[in-house]
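Peer 1: Next comes target_1.pdb, PDB, C-alpha atoms:
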```
MODEL        1
ATOM      1  CA  MET A  29      76.696  84.172  95.199
ATOM      2  CA  GLY A  30      76.799  81.874  92.157
ATOM      3  CA  GLN A  31      75.423  84.548  89.841
ATOM      4  CA  GLU A  32      77.944  87.064  91.179
ATOM      5  CA  GLN A  33      80.809  84.652  90.458
ATOM      6  CA  ASP A  34      79.420  84.079  86.957
ATOM      7  CA  ALA A  35      79.310  87.839  86.388
ATOM      8  CA  PHE A  36      82.979  88.154  87.335
ATOM      9  CA  ALA A  37      83.904  85.166  85.163
ATOM     10  CA  GLU A  38      82.335  86.855  82.130
ATOM     11  CA  LEU A  39      84.274  90.106  82.518
ATOM     12  CA  SER A  40      87.108  90.797  80.149
ATOM     13  CA  PHE A  41      90.438  91.715  81.700
ATOM     14  CA  GLU A  42      89.995  95.307  80.569
ATOM     15  CA  ASP A  43      86.486  95.627  82.022
ATOM     16  CA  ALA A  44      87.547  94.076  85.322
ATOM     17  CA  LEU A  45      90.531  96.413  85.518
ATOM     18  CA  LYS A  46      88.378  99.482  84.794
ATOM     19  CA  ARG A  47      85.930  98.504  87.532
ATOM     20  CA  LEU A  48      88.803  97.847  89.925
ATOM     21  CA  GLU A  49      90.249 101.289  89.178
ATOM     22  CA  ALA A  50      86.830 102.868  89.867
ATOM     23  CA  ILE A  51      86.621 101.031  93.192
ATOM     24  CA  VAL A  52      90.098 102.162  94.218
ATOM     25  CA  SER A  53      89.237 105.739  93.292
ATOM     26  CA  ARG A  54      86.022 105.601  95.344
ATOM     27  CA  LEU A  55      87.821 104.126  98.353
ATOM     28  CA  GLU A  56      90.641 106.668  98.122
ATOM     29  CA  SER A  57      88.145 109.538  97.985
ATOM     30  CA  GLY A  58      87.112 108.813 101.559
ATOM     31  CA  GLU A  59      83.493 109.531 100.662
ATOM     32  CA  ALA A  60      82.233 105.951 100.972
ATOM     33  CA  SER A  61      80.508 104.865 104.172
ATOM     34  CA  LEU A  62      82.013 102.036 106.170
ATOM     35  CA  ASP A  63      79.451  99.528 104.852
ATOM     36  CA  GLU A  64      79.986 100.691 101.269
ATOM     37  CA  SER A  65      83.764 100.517 101.724
ATOM     38  CA  ILE A  66      83.533  96.940 102.987
ATOM     39  CA  GLY A  67      81.396  95.964  99.983
ATOM     40  CA  LEU A  68      83.704  97.743  97.564
ATOM     41  CA  TYR A  69      86.741  96.071  99.103
ATOM     42  CA  ALA A  70      85.138  92.623  98.746
ATOM     43  CA  GLU A  71      84.214  93.323  95.119
ATOM     44  CA  GLY A  72      87.700  94.673  94.438
ATOM     45  CA  ASP A  73      89.285  91.548  95.881
ATOM     46  CA  LYS A  74      87.221  89.364  93.529
ATOM     47  CA  LEU A  75      88.114  91.576  90.578
ATOM     48  CA  ARG A  76      91.807  91.431  91.495
ATOM     49  CA  ALA A  77      91.626  87.639  91.555
ATOM     50  CA  ARG A  78      89.865  87.668  88.168
ATOM     51  CA  CYS A  79      92.553  89.899  86.655
ATOM     52  CA  GLU A  80      95.307  87.656  88.027
ATOM     53  CA  ALA A  81      93.594  84.580  86.585
ATOM     54  CA  ARG A  82      93.210  86.226  83.168
ATOM     55  CA  LEU A  83      96.893  87.223  83.170
ATOM     56  CA  ALA A  84      97.923  83.674  84.103
ATOM     57  CA  GLU A  85      95.778  82.320  81.251
ATOM     58  CA  ALA A  86      97.387  84.740  78.815
ATOM     59  CA  GLN A  87     100.882  83.912  80.007
ATOM     60  CA  ALA A  88     100.213  80.206  79.568
ATOM     61  CA  ARG A  89      99.289  80.826  75.916
ATOM     62  CA  ILE A  90     102.321  82.928  75.075
ATOM     63  CA  GLU A  91     104.995  81.206  73.079
ATOM     64  CA  LYS A  92     108.327  82.550  72.053
ATOM     65  CA  ILE A  93     109.637  82.010  68.572
ATOM     66  CA  GLY A  94     112.891  80.123  68.418
ATOM     67  CA  LEU A  95     115.388  81.105  65.754
ATOM     68  CA  GLY A  96     117.647  78.698  63.933
ATOM     69  CA  GLN A  97     121.346  79.287  63.283
ATOM     70  CA  ASP A  98     120.461  81.081  60.074
ATOM     71  CA  GLY A  99     118.300  83.567  62.012
ATOM     72  CA  ARG A 100     115.050  82.264  60.583
ATOM     73  CA  PRO A 101     112.132  81.125  62.739
ATOM     74  CA  ALA A 102     112.657  77.488  63.663
ATOM     75  CA  GLY A 103     109.573  76.807  65.754
ATOM     76  CA  THR A 104     108.014  77.869  68.996
ATOM     77  CA  GLN A 105     108.801  77.160  72.614
ATOM     78  CA  PRO A 106     106.620  77.624  75.695
ATOM     79  CA  PHE A 107     107.064  80.969  77.405
ATOM     80  CA  ASP A 108     109.324  80.879  80.475
ATOM     81  CA  ALA A 109     108.927  83.927  82.691
ATOM     82  CA  GLY A 110     112.047  83.052  84.668
TER      83      GLY A 110
ENDMDL
END
```
Could you render the structure from this file as structure tokens?

Peer 2:
Amino acid sequence: MGQEQDAFAELSFEDALKRLEAIVSRLESGEASLDESIGLYAEGDKLRARCEARLAEAQARIEKIGLGQDGRPAGTQPFDAG
């Protein structure tokens, strides 16, 4: 299981999302056996968690540029999603 977790940790957001889309497509096709569907669902759940973690990391790095009274950039502030 450790190697599998490492493999997911190495995936870029885009690669994880592409694989997740392929899993959803396969599950929606109805062609997967029950055992395959269970495995795909488990993999998809791990990929979903990976994508959420990558998005949270990106959001934490986003800063908004604050403007001074003259309209010029006056520094940065942490991003506030609220």

Peer 1: Measure the distance from CA of Glu80 (chain A) to CA of Ala50 (chain A) in Å and round it to one decimal.

Peer 2: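 Atom-to-atom, CA of Glu80 (chain A) to CA of Ala50 (chain A), that is 17.5 Å.
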
Peer 1: What does the distance between CA of Leu55 (chain A) and CA of Lys74 (chain A) come to in Å, to one decimal place?

Peer 2: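 Between these atoms lies a distance of 15.5 Å.
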
Peer 1: Restricting the calculation to all atoms listed in the file, which member of A:Ile51, A:Ala35, A:Leu83, A:Ala88 is positioned closest to Gly67 (chain A)?

Peer 2: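 Going through A:Ile51, A:Ala35, A:Leu83, A:Ala88 one by one, the smallest distance to Gly67 (chain A) is for A:Ile51.
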
Peer 1: Work out how far CA of Ser53 (chain A) is from CA of Ile66 (chain A), in Å to one decimal.

Peer 2: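 Separation between CA of Ile66 (chain A) and CA of Ser53 (chain A): 14.3 Å.
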
Peer 1: Do you know which residues the PyMOL selection byres ((chain A and resi 41) around 9) returns on this file, as a PyMOL selection string?

Peer 2: chain A and resi 39-40+42-46+78-80+82-83

Peer 1: Quick one: axis-aligned box around all listed atoms of region 77-85 of chain A, 4 Å on every side, centre and edge lengths in Å to one decimal, written as lines of an AutoDock Vina configuration file.

Peer 2:
```
center_x = 93.9
center_y = 86.1
center_z = 86.4
size_x = 16.1
size_y = 15.6
size_z = 18.3
```

Peer 1: Tell me which protein, DNA and RNA residues are within 12 Å of Val52 (chain A), counting all atoms listed in the file, leaving out same-chain ones fewer than 2 positions away, and put them as a PyMOL selection string.

Peer 2: chain A and resi 45-50+54-60+65+68-73+75-76
